[in-house]
4 protein chains.
Amino acid sequence: MKLWGGRFEKPTDRLVEEFTSSLPIDTRLYEYDIKGSLAHVAMLSGCGIISSEEADTISQGLNKIYKEIKDGSFKFNVSDEDIHLAIERSLIERVGPVGGKLHTARSRNDQVALDMRMYLKETIKEIATLVVALQNTLLDLAKKHLDVILPGYTHLQRAQPILFSHHYLAYFFMLQRDFERLKGCHQRTDVMPLGTAAIAGTSFAVDRKMVADQLGFARISENSVDTTSDRDFVVEFLSTASILMVHLSRLAEEIVLWSSSEFGFIELDDAYTTGSSIMPQKKNPDVAELVRAKTARVMGNLIAMLATLKALPMSYNRDLQEDKNSLFSTVDVLVPSLLVFKGMLETIRLRKENMQEAAAQDFSTATDIADYLVSKGLPFRQAHEIVGRLVKDCLKDGNNSFNKLTLEEFKKASQLFDEDVFKIIVPLGSVENKVSEGGTSTESVKGQIKKANAYLKKSGDWLK
Amino acid sequence: MKLWGGRFEKPTDRLVEEFTSSLPIDTRLYEYDIKGSLAHVAMLSGCGIISSEEADTISQGLNKIYKEIKDGSFKFNVSDEDIHLAIERSLIERVGPVGGKLHTARSRNDQVALDMRMYLKETIKEIATLVVALQNTLLDLAKKHLDVILPGYTHLQRAQPILFSHHYLAYFFMLQRDFERLKGCHQRTDVMPLGTAAIAGTSFAVDRKMVADQLGFARISENSVDTTSDRDFVVEFLSTASILMVHLSRLAEEIVLWSSSEFGFIELDDAYTTGSSIMPQKKNPDVAELVRAKTARVMGNLIAMLATLKALPMSYNRDLQEDKNSLFSTVDVLVPSLLVFKGMLETIRLRKENMQEAAAQDFSTATDIADYLVSKGLPFRQAHEIVGRLVKDCLKDGNNSFNKLTLEEFKKASQLFDEDVFKIIVPLGSVENKVSEGGTSTESVKGQIKKANAYLKKSGDWLK
Amino acid sequence: MKLWGGRFEKPTDRLVEEFTSSLPIDTRLYEYDIKGSLAHVAMLSGCGIISSEEADTISQGLNKIYKEIKDGSFKFNVSDEDIHLAIERSLIERVGPVGGKLHTARSRNDQVALDMRMYLKETIKEIATLVVALQNTLLDLAKKHLDVILPGYTHLQRAQPILFSHHYLAYFFMLQRDFERLKGCHQRTDVMPLGTAAIAGTSFAVDRKMVADQLGFARISENSVDTTSDRDFVVEFLSTASILMVHLSRLAEEIVLWSSSEFGFIELDDAYTTGSSIMPQKKNPDVAELVRAKTARVMGNLIAMLATLKALPMSYNRDLQEDKNSLFSTVDVLVPSLLVFKGMLETIRLRKENMQEAAAQDFSTATDIADYLVSKGLPFRQAHEIVGRLVKDCLKDGNNSFNKLTLEEFKKASQLFDEDVFKIIVPLGSVENKVSEGGTSTESVKGQIKKANAYLKKSGDWLK
Amino acid sequence: MKLWGGRFEKPTDRLVEEFTSSLPIDTRLYEYDIKGSLAHVAMLSGCGIISSEEADTISQGLNKIYKEIKDGSFKFNVSDEDIHLAIERSLIERVGPVGGKLHTARSRNDQVALDMRMYLKETIKEIATLVVALQNTLLDLAKKHLDVILPGYTHLQRAQPILFSHHYLAYFFMLQRDFERLKGCHQRTDVMPLGTAAIAGTSFAVDRKMVADQLGFARISENSVDTTSDRDFVVEFLSTASILMVHLSRLAEEIVLWSSSEFGFIELDDAYTTGSSIMPQKKNPDVAELVRAKTARVMGNLIAMLATLKALPMSYNRDLQEDKNSLFSTVDVLVPSLLVFKGMLETIRLRKENMQEAAAQDFSTATDIADYLVSKGLPFRQAHEIVGRLVKDCLKDGNNSFNKLTLEEFKKASQLFDEDVFKIIVPLGSVENKVSEGGTSTESVKGQIKKANAYLKKSGDWLK
């Protein structure tokens, strides 16, 4: 018989039992469920709602169940609806009717909210740790390859020469924003729901702060109706995860591009690629492709959760059970994606000559030449026009860089040109020119590395 | 060593192996994979590409593997990337190097497309069968309760009295559109991809039509580049599934509303509800709530698939592997949702008096009174205004139906009113008035039932 | 005063008026609204519900309003909620109370469904016409460049040499599926809703088929509750549009890639690119980028519509008003995207030498060599292994194609190699090898062109 | 000629011009664009890059343009691609070639990022202000109706009696989380991008902090590649907006339910409802329905933005232009939704007797009775069972509340029952029992009101 079966004439239909069961999914929460129950029992006893002997009996029973689930020996019943009822059912079987006191002053509604928040708090910290690890990898690469120049792209067209280090630091700072968002999300998850019961609170003189303290929560929730129907923390996490995955997908796209024959900027380690069942020569960047695709899955999980919550009246509705599907599926994408990206980047080989050569072509230093004219007094818009025509003329001559132009030819375009123009038409000159804060000159990049270190220190403090 | 490992210096990283493996998901396709391979082998031998002895050896091996996977005795390796390679690896272990001839004139790219199309064709028929079963249930309810009147709602405000049968037939005709869409989707899935190989076709003189015939496909695909990168059939199915789930979610919403104390229109069977862990009196429409929520998951799967395909260059990319996640997750929602809804509706109890009483209140027949005035010559817009004022006056008198109005009071509103107005202010009069095709009068509803039967007959023919 | 104001004590709040008004959006439907009203009036008079004089008066009024809206002289009122009420309000102002007879046996609920279906039917045909036009462009390119070879890609790695014509025909056949889906969607849109009124049908003896015939609808809707709440046809169109845009986005992605310096496969016409405000040398494939991005918008519109419909109880709810936003926004992406892509492709310049050169590198013919060994009796899996090792050895020697290998070196890898291997290691040999139906050999491609022509003929027939 | 046209041979195609133009959308940013340019010019002059006379000339020109756009007299050209080029083009026309100096050390890439951030910072504050205003309305209602009891619902089944004030405070605390998220999003938007130019930074000795200070930014961005391709702040806002709209949609759903005849808990003011074109008696909660539906649009905008960014390589791509569509569409939903909800709630009428009556039925106090038994020593699970059976027995007797039970009947269920049970079976007794923090007792609700006031004070400080 169900633990809630007193009012019913008939048992649940078997198919319905399967359809409504969340056990295959929420078993994953057992650890948090039991820890939460232990804290609840301690509080009930501390407040005199149950005796300390009863509390001991229940706690011992729970601890045994914990061990059994952990080592795989726990017996689930077909009719256990979810992990919460499975544990309570087993507890009563073990310790007798006194086990029925565990659910005093509690409902599954606040209990599942507690489990989810405990799980997510821990998970966020785990993910934040992986983000920091990936940032470290990116920073190491940036430090190591300070002398590598490649074309910076806009519209996938070569735009201006930049340092490889500068490029990879872009990803570092993206991830830093992800880290901040994870922190904000953690803060809003760190709210203890237990004691709000089904919807209205409880008539027992519970001490909610005691439970919060014991479980390491920063504060307790303020309104019981809100508490049992609130899944903001899940949506906020899914949205934060989506942005993080979008960042990885952009890096993934570049890795796919850069490891193509056409770009030839990097080579992935054999350990991070796979072959083709039919084409013997193939070496495919599957890891990057899969991360790119799984980004879409996380986005789908986000929209699924939002659409689940839309227009749900207060308070708890069974629809909320689906939160676990979206949440776990997202975590199961995020954690390995971060891990595998770290390994892939650590073993990446740069093909510097190809990068360098690409940077030297296609007039990437055109802006520098325009700026040069501006520094000689020409309004930028006119300088832009002159250099644009210069490019057009070169192309007509079958020339795809400024390198072959003579000073005379430069002067024909504008009398303002002089010998010193040759310094800036080469990639390195262009790069070192970009002295503005956040720009690509070596000095500026070193400044960014300093800032990156400072961020990492602060992140480490929070993660402790 | 991997089956594609010839070109590689190093084995795949363990974490990468896990990350890129689709085995936990695509094992589900084993049956189609093996059937497809058997047809491929028969064709290779039929065309003289391999000998008939070789074909026999391979086929016997495949059949054994089939049985082992089916009965659970098959041994998967950790390094099997997917179901295709697992089977081929095991085949070669069993029959020796000749097993390596199975992959002649084939790539995983066209092989996985084949498996997916075979799986989906069968699944669509299964789902269409369940749709028809649910339509039958709705039609039975409509036939059985032809005498039940309830308020039709717009904006969740009582609008006009309608027959319960009419209301439930609305869902019948919705599902009919779903059925038609499933058919269209089946038609576009029914295209045989094998023989397009990796991307360019194959140099062996294969007979693709022979494979198509053997596997029951209507036609073969036309362009190999397109074929290996095409997942339109998956997206179209996910979109069809989304609309179908949206229909169920609307019915689910009504079941939740109607089984509330406030509506009190239906009672769900105990077997299709669950109780509360804390509140002993509760009986909750969980099945309907979960179907409502799972609709969101299917929508999420659709958007995940679309976002996966967006901006993928030709032809096969590893991203496509994620199609299985979206597809299987959707099927696993759809099939039980249809099943459980059928059972829930079959056991539903109508609380007719509550429906009837609700239909008699709140001026639901106001439109009929306006139409009455129109039939006496008044322009509709003026008739609408007069009845609107009549309602306002009733409300001021604390009166929430027309029943208590005297003829005198009617006449004060308009001299056009006469004794016969009293016939149409009651729900039944209003209902029987709606004689237009597709309207709610008993006669019209009987006409709809006839149409419904005709649809079912035609559907049955297709499903055969 | 509102046309529905009889029952109300107070006017609508000004802000609410603005918030709920759909006039800025649905004015676009005026043509369909008036055509629908004219057919409705003709039917009312034909059935004797209004007199033919009344019908004439109303029709003349409607025709004048049509002209005024068309030429921009029509005066909208601030309090007109939507295009339907604006027209009816203006009609009554012009022709007096008899104008109030227009709304006899009709509700806005079925009226807006009619307008939407008329609009969408026409729009689908327009879009299908543009799809066919784009297919023609693709086919022309395929016919024109039958001699161009480029690498076919999987995982964005060079896989096997293919004909450019073959590659572009892939897009032709994708679009053919879009065309079929548009047809299916048109068929399900081609259902006449008028006469179902608010929810229950109407008490007037209307002839719905007469209206359907006059407006060119294939059939009438079957159930009034379903009819007024049904937006399946919008969702199905949005989903069809999403898949179509995904196809364009894939082509867009390739155009971006191919016009990069790294690929250098095509050059876009100046008229289809734009420059940079700062970098004088830039020429950006903006059109392709925007089509790629707008694909996401269409996907967003689809999900917005699905989420709007989810869990809406029967029948009409004001939520449905938002369908227009999703629908029009999608059409406004789709139509110009198709137009602009056509122009862009017509003016594209192929850089054949670059394509050819790329096809000759990176061992794209490895599969052919493996197949060669198979044809000499080796099981494919062993052949794959041998060629894989050959590639590995070449790479070690700094060699990125098979061209420099001597017969001796080939023989060292396998004694099965002979002189004739040199025929298939060049791109053209590999291409012409792929004789399977749908493969990339010139002959097969010519077969595809024939099929494409047949499709176009059939499409033309439907569009007539 | 285009401002970037130097390199081009041919003008842009007219259709392309329309397709790529963002002018119809981004004109909305003119104010921020000009303010940003003024600060940029001041900095250029402050750093000696242009002379102070040149700066004055440019600034005066910009100020005139500002006035003209504001009063509608500004002339846009068909070929102006966007608001940035329209303004620069007009500036040069007015002040001559010196106007071409404005774009020194700047690109549209960083310029549009600046405009978007300025716009969004201001918009977030505006929305946060509206959130606080709506919180005030909710709090006022909670303070005013402290004596109103209604059933709290779970699964839309009556669960436990709660105070109306408690229920509406649930929405207050939801909105408080929205406020916190808006703050976090503002913080991450408050980063000054100018000076990062196209992608690499600039070669001019600019002072980025000077620009930041002048425009009221908290800090400058750290990496130029990241800066010009970053739209995290837009996505984060869209996600925050989605959650906020989900909250409104839940309240909207309840308003629709509560204003139905079946619930009858509230009456909306005539000014916040609309009528039916056909049914004279209707009074529809359109505002709530539209907010519910527009929630879906915001979700669609979020997913569109995420799908736009997915897999975009560094750095700026034209795809980013579509951010404005998603952003503005969302703001245009959010602002009026918040405004109109405030007005609707301020004028809502509670039908207290209906609420009270509903709370007294359907055994809502069953949990209290179970708790009662627990307080007499029974384990909760047994108490739950006993009360469940009591409910079943009542239902069999056609009794839908505990009110008619005698003490004898109670005692038959359990000897632990005594006279005092009658105190808690009435709603008020049940409510006042829930003394736990965050529970529904009057005392606890007063505590929540205190907390709400404290939040509002803090929010006010931030908004200043």
# chains A, B, ... in the order shown; residues from 1 in each chain; ligands from 1

call {"tool": "interface_residues", "arguments": {"of": "chain D", "to": "chain A", "cutoff": "6 Å", "atoms": "only C-alpha atoms", "output": "PyMOL selection string"}}
result
chain D and resi 6-7+98+100-101+104+154-155+170+200-203+222-226+246+249-250+253-254+310-313+315-317+379-381+385+388-389+392+433-436+438-440

call {"tool": "select_by_dssp", "arguments": {"residues": "segment 150-281 of chain C", "states": "strand (DSSP E)", "output": "PyMOL selection string"}}
result
chain C and resi 150-154+157-163+191-192+219-220+266-267

call {"tool": "closest_residue", "arguments": {"among": "C:Ser277, C:Ser165, C:Gln321, C:Ser59", "to": "Ser22 of chain C", "atoms": "only C-alpha atoms"}}
result
C:Gln321

call {"tool": "atom_distance", "arguments": {"atom1": "atom CA of Lys412 of chain B", "atom2": "atom CA of Asp362 of chain B"}}
result
20.7 Å

call {"tool": "residues_around", "arguments": {"residues": "Lys457 of chain C", "least_positions_apart": "5", "cutoff": "12 Å", "atoms": "only C-alpha atoms", "output": "ChimeraX atom specification"}}
result
/C:132,135-136,176,450-452,462-464

call {"tool": "closest_residue", "arguments": {"among": "D:Phe328, D:Tyr119, D:Tyr32, D:Phe402", "to": "Lys423 of chain D", "atoms": "only C-alpha atoms"}}
result
D:Phe402

call {"tool": "residues_around", "arguments": {"residues": "Arg94 of chain A", "least_positions_apart": "4", "cutoff": "10 Å", "atoms": "only C-alpha atoms", "output": "ChimeraX atom specification"}}
result
/A:57-58,61-62,64-65,88-90,98-99

call {"tool": "closest_residue", "arguments": {"among": "B:Ala86, B:Leu130, B:Ala360, B:Val16", "to": "Ser459 of chain B", "atoms": "only C-alpha atoms"}}
result
B:Leu130

call {"tool": "atom_distance", "arguments": {"atom1": "atom CA of Ser364 of chain C", "atom2": "atom CA of Ile149 of chain C"}}
result
11.9 Å

call {"tool": "select_by_dssp", "arguments": {"residues": "segment 224-388 of chain D", "states": "helix (DSSP H, G or I)", "output": "number ranges by chain"}}
result
D: 224-229, 232-258, 270-272, 286-309, 318-346, 352-360, 366-375, 380-388

call {"tool": "decode", "arguments": {"residues": "segment 294-319 of chain D", "atoms": "N, CA and C atoms", "output": "compact mmCIF listing (two decimals), in the first residue's frame"}}
result
# COMPACT_ATOMS: atom_id res chain seq x y z
N LYS D 294 2.51 36.33 -24.00
CA LYS D 294 3.72 37.08 -24.34
C LYS D 294 4.94 36.52 -23.60
N THR D 295 4.70 35.81 -22.52
CA THR D 295 5.78 35.09 -21.85
C THR D 295 6.46 34.15 -22.84
N ALA D 296 5.65 33.51 -23.66
CA ALA D 296 6.20 32.60 -24.67
C ALA D 296 7.06 33.36 -25.68
N ARG D 297 6.65 34.57 -26.00
CA ARG D 297 7.45 35.34 -26.96
C ARG D 297 8.83 35.66 -26.39
N VAL D 298 8.86 36.03 -25.13
CA VAL D 298 10.15 36.33 -24.50
C VAL D 298 11.04 35.09 -24.46
N MET D 299 10.44 33.95 -24.16
CA MET D 299 11.20 32.70 -24.20
C MET D 299 11.74 32.44 -25.61
N GLY D 300 10.91 32.72 -26.60
CA GLY D 300 11.35 32.57 -27.99
C GLY D 300 12.52 33.49 -28.31
N ASN D 301 12.47 34.70 -27.78
CA ASN D 301 13.57 35.65 -28.00
C ASN D 301 14.87 35.15 -27.37
N LEU D 302 14.73 34.57 -26.19
CA LEU D 302 15.91 34.02 -25.51
C LEU D 302 16.56 32.92 -26.33
N ILE D 303 15.73 32.00 -26.78
CA ILE D 303 16.28 30.86 -27.52
C ILE D 303 16.85 31.34 -28.86
N ALA D 304 16.23 32.33 -29.46
CA ALA D 304 16.74 32.87 -30.72
C ALA D 304 18.13 33.46 -30.52
N MET D 305 18.32 34.14 -29.41
CA MET D 305 19.62 34.76 -29.16
C MET D 305 20.68 33.70 -28.89
N LEU D 306 20.33 32.71 -28.09
CA LEU D 306 21.28 31.63 -27.80
C LEU D 306 21.67 30.89 -29.08
N ALA D 307 20.66 30.61 -29.91
CA ALA D 307 20.94 29.87 -31.14
C ALA D 307 21.74 30.72 -32.12
N THR D 308 21.60 32.03 -32.02
CA THR D 308 22.40 32.93 -32.87
C THR D 308 23.87 32.85 -32.48
N LEU D 309 24.12 32.82 -31.19
CA LEU D 309 25.50 32.85 -30.71
C LEU D 309 26.21 31.51 -30.80
N LYS D 310 25.42 30.45 -30.73
CA LYS D 310 26.02 29.11 -30.72
C LYS D 310 26.95 28.94 -31.92
N ALA D 311 28.16 28.50 -31.63
CA ALA D 311 29.13 28.11 -32.66
C ALA D 311 29.59 29.25 -33.57
N LEU D 312 29.40 30.49 -33.12
CA LEU D 312 29.98 31.61 -33.87
C LEU D 312 31.45 31.72 -33.53
N PRO D 313 32.33 31.70 -34.53
CA PRO D 313 33.74 31.89 -34.22
C PRO D 313 34.01 33.34 -33.86
N MET D 314 35.16 33.58 -33.27
CA MET D 314 35.55 34.95 -32.93
C MET D 314 35.69 35.76 -34.20
N SER D 315 35.53 37.04 -34.25
CA SER D 315 35.05 37.85 -33.16
C SER D 315 33.72 38.42 -33.63
N TYR D 316 33.62 39.63 -34.05
CA TYR D 316 32.35 40.12 -34.53
C TYR D 316 31.93 39.39 -35.80
N ASN D 317 30.67 38.97 -35.84
CA ASN D 317 30.06 38.46 -37.07
C ASN D 317 28.75 39.20 -37.25
N ARG D 318 28.31 39.33 -38.47
CA ARG D 318 27.13 40.15 -38.72
C ARG D 318 25.91 39.57 -38.01
N ASP D 319 25.95 38.28 -37.70
CA ASP D 319 24.86 37.64 -36.97
C ASP D 319 24.46 38.43 -35.72
